Amino acid sequence: MPEKLQYKLEAFEGPLDLLLFLISKHKLNIYDINISELLEQYMESIGGVEGLRDLEDASEFLETAARLVYIKTAMLLPKYEDEGEKLKQELQGELIEYAACKNAALVFKGMYCGGELFCRDPEPIEIDMTYTRIHPKEDLVRAYLSALGRKLRKLPPPQELFNPLVKKRIVSIASRAIILLHRLYRNSIMKLAELFLAGDRSERIAMFLAVLELSKNGRVVISDDCTTVAMGSRNREIKKEEEELAAGTV
């Protein structure tokens, strides 16, 4: 079987296909073709191709070559210049239509799904943002309670949580120190454990701190075994001065 017309291993379906290839390759203006340059490239392309030996296969290509030669000749002769320009425009129109058909074929090729089925590109769809779901009332109640719980977590704690702290009586160290000194004025010495038998936790802590503060100032003395507390030397001097003042000797 004779070889089909080929050019650089690329098969062309006809002479118009070859002309479009040459116009694209040599960057010619398809709307104002240089016939002389196109004819030169066309003859160079089909020259020496073995397929041209079969006139049945090459008749279309040879007919187009003769057409190009005629257009070029007519455009060179002043008498037939208008006819040559008209033939040139006819050729340009055929090439433009053929190029449009090739582009359309590529588009349809992408849409081809097999058999005789063609599918078009997806069209944009307007999205309806209206919320249409119908919720059961149980879901609405759960959602409300969940939202309410998040809101309550952001609120300040209720007053009841602060009542045990705010309303609790504050016992000062100075008041416990005065009570301790009065008791020592009467008894001079006391067991340390007796100081913490009465009162709540705040009173006992305040009494303990008062003992430490008075001991530091020398107002009371704690025994070495930490079992008793007695009036210190400074307190005894103060007590003696108070007794002398009361007796009128000073």
# chains A, B, ... in the order shown; residues from 1 in each chain; ligands from 1
call {"tool": "select_by_dssp", "arguments": {"residues": "region 12-212 of chain A", "states": "strand (DSSP E or B)", "output": "PyMOL selection string"}}
result
chain A and resi 112+118+189-191
call {"tool": "write_last_selection", "arguments": {"atoms": "N, CA and C atoms", "output": "short mmCIF file (atom, residue, chain, number, x, y, z; two decimals), in the first residue's frame"}}
result
data_model
loop_
_atom_site.label_atom_id
_atom_site.label_comp_id
_atom_site.auth_asym_id
_atom_site.auth_seq_id
_atom_site.Cartn_x
_atom_site.Cartn_y
_atom_site.Cartn_z
N TYR A 112 -16.59 14.07 24.33
CA TYR A 112 -17.02 12.76 23.83
C TYR A 112 -16.92 11.72 24.94
N PHE A 118 -22.49 12.93 23.82
CA PHE A 118 -21.66 14.10 24.09
C PHE A 118 -22.23 14.81 25.32
N ILE A 189 1.53 32.15 134.65
CA ILE A 189 2.01 31.04 133.84
C ILE A 189 0.81 30.19 133.43
N MET A 190 0.86 29.71 132.20
CA MET A 190 -0.24 28.89 131.69
C MET A 190 0.33 27.78 130.82
N LYS A 191 -0.45 26.73 130.71
CA LYS A 191 -0.07 25.67 129.78
C LYS A 191 -0.35 26.15 128.34
#
call {"tool": "residues_around", "arguments": {"residues": "Ala174 (chain A)", "least_positions_apart": "4", "cutoff": "12 Å", "atoms": "only C-alpha atoms", "output": "JSON, numbers by chain"}}
result
{"A": [170, 178, 179, 180, 181, 203, 206, 207, 208, 209, 210, 211, 212, 213, 214]}
call {"tool": "closest_residue", "arguments": {"among": "A:Leu145, A:Val171, A:Val107, A:Leu68", "to": "Asp200 (chain A)", "atoms": "only C-alpha atoms"}}
result
A:Val171
call {"tool": "closest_residue", "arguments": {"among": "A:Asp17, A:Glu81, A:Glu126, A:Asp32", "to": "Cys101 (chain A)", "atoms": "only C-alpha atoms"}}
result
A:Asp17
call {"tool": "closest_residue", "arguments": {"among": "A:Leu87, A:Met43, A:Ala99, A:Ala198", "to": "Ala74 (chain A)", "atoms": "only C-alpha atoms"}}
result
A:Leu87
call {"tool": "residues_around", "arguments": {"residues": "Glu40 (chain A)", "least_positions_apart": "6", "cutoff": "12 Å", "atoms": "only C-alpha atoms", "output": "MDAnalysis selection string"}}
result
chainID A and resid 19 22:23 26 34 46:47 65 68:69 72
call {"tool": "atom_distance", "arguments": {"atom1": "CA of Gly14 (chain A)", "atom2": "CA of Ser45 (chain A)"}}
result
13.0 Å
call {"tool": "residues_around", "arguments": {"residues": "region 229-232 of chain A", "least_positions_apart": "3", "cutoff": "8 Å", "atoms": "only C-alpha atoms", "output": "compact mmCIF listing (two decimals) with N, CA and C atoms, in the first residue's frame"}}
result
# COMPACT_ATOMS: atom_id res chain seq x y z
N LEU A 181 -2.23 38.40 127.27
CA LEU A 181 -1.57 39.17 128.32
C LEU A 181 -2.47 39.33 129.53
N LEU A 184 -2.31 36.13 131.43
CA LEU A 184 -1.03 35.97 132.13
C LEU A 184 -0.91 36.92 133.31
N TYR A 185 -1.54 38.08 133.23
CA TYR A 185 -1.54 38.99 134.38
C TYR A 185 -2.20 38.34 135.58
N SER A 188 0.05 34.39 135.60
CA SER A 188 1.51 34.45 135.44
C SER A 188 2.06 33.34 134.55
N ILE A 189 1.53 32.15 134.65
CA ILE A 189 2.01 31.04 133.84
C ILE A 189 0.81 30.19 133.43
N MET A 190 0.86 29.71 132.20
CA MET A 190 -0.24 28.89 131.69
C MET A 190 0.33 27.78 130.82
N LYS A 191 -0.45 26.73 130.71
CA LYS A 191 -0.07 25.67 129.78
C LYS A 191 -0.35 26.15 128.34
N LEU A 192 0.59 25.88 127.49
CA LEU A 192 0.47 26.36 126.11
C LEU A 192 -0.73 25.74 125.40
N GLY A 218 9.72 39.64 123.77
CA GLY A 218 10.09 39.44 125.17
C GLY A 218 8.95 39.66 126.13
N ARG A 219 7.75 39.77 125.64
CA ARG A 219 6.60 39.98 126.52
C ARG A 219 6.18 38.67 127.20
N VAL A 220 6.39 37.53 126.52
CA VAL A 220 6.12 36.22 127.13
C VAL A 220 7.32 35.33 126.90
N VAL A 221 7.39 34.29 127.72
CA VAL A 221 8.49 33.33 127.62
C VAL A 221 7.90 31.94 127.49
N ILE A 222 8.37 31.20 126.51
CA ILE A 222 7.92 29.82 126.29
C ILE A 222 8.97 28.89 126.89
N SER A 223 8.51 27.89 127.62
CA SER A 223 9.44 26.96 128.28
C SER A 223 10.21 26.17 127.22
N CYS A 226 8.38 23.58 125.50
CA CYS A 226 7.23 24.11 124.76
C CYS A 226 5.90 23.64 125.33
N ASN A 235 7.30 42.21 130.70
CA ASN A 235 5.92 42.30 131.18
C ASN A 235 5.86 42.40 132.70
N ARG A 236 6.78 41.72 133.38
CA ARG A 236 6.80 41.80 134.84
C ARG A 236 7.12 43.20 135.29
call {"tool": "atom_distance", "arguments": {"atom1": "CA of Lys79 (chain A)", "atom2": "CA of Ile33 (chain A)"}}
result
20.8 Å
call {"tool": "closest_residue", "arguments": {"among": "A:Thr228, A:Asp82, A:Glu160, A:Leu16", "to": "Ala193 (chain A)", "atoms": "only C-alpha atoms"}}
result
A:Thr228
call {"tool": "atom_distance", "arguments": {"atom1": "CA of Asp225 (chain A)", "atom2": "CA of Leu195 (chain A)"}}
result
16.0 Å
call {"tool": "residues_around", "arguments": {"residues": "region 28-30 of chain A", "least_positions_apart": "3", "cutoff": "12 Å", "atoms": "only C-alpha atoms", "output": "count of residues only"}}
result
26
call {"tool": "select_by_dssp", "arguments": {"residues": "region 95-234 of chain A", "states": "helix (DSSP H, G or I)", "output": "ChimeraX atom specification"}}
result
/A:95-111,137-154,159-161,163-166,173-187,192-196,201-217,233-234
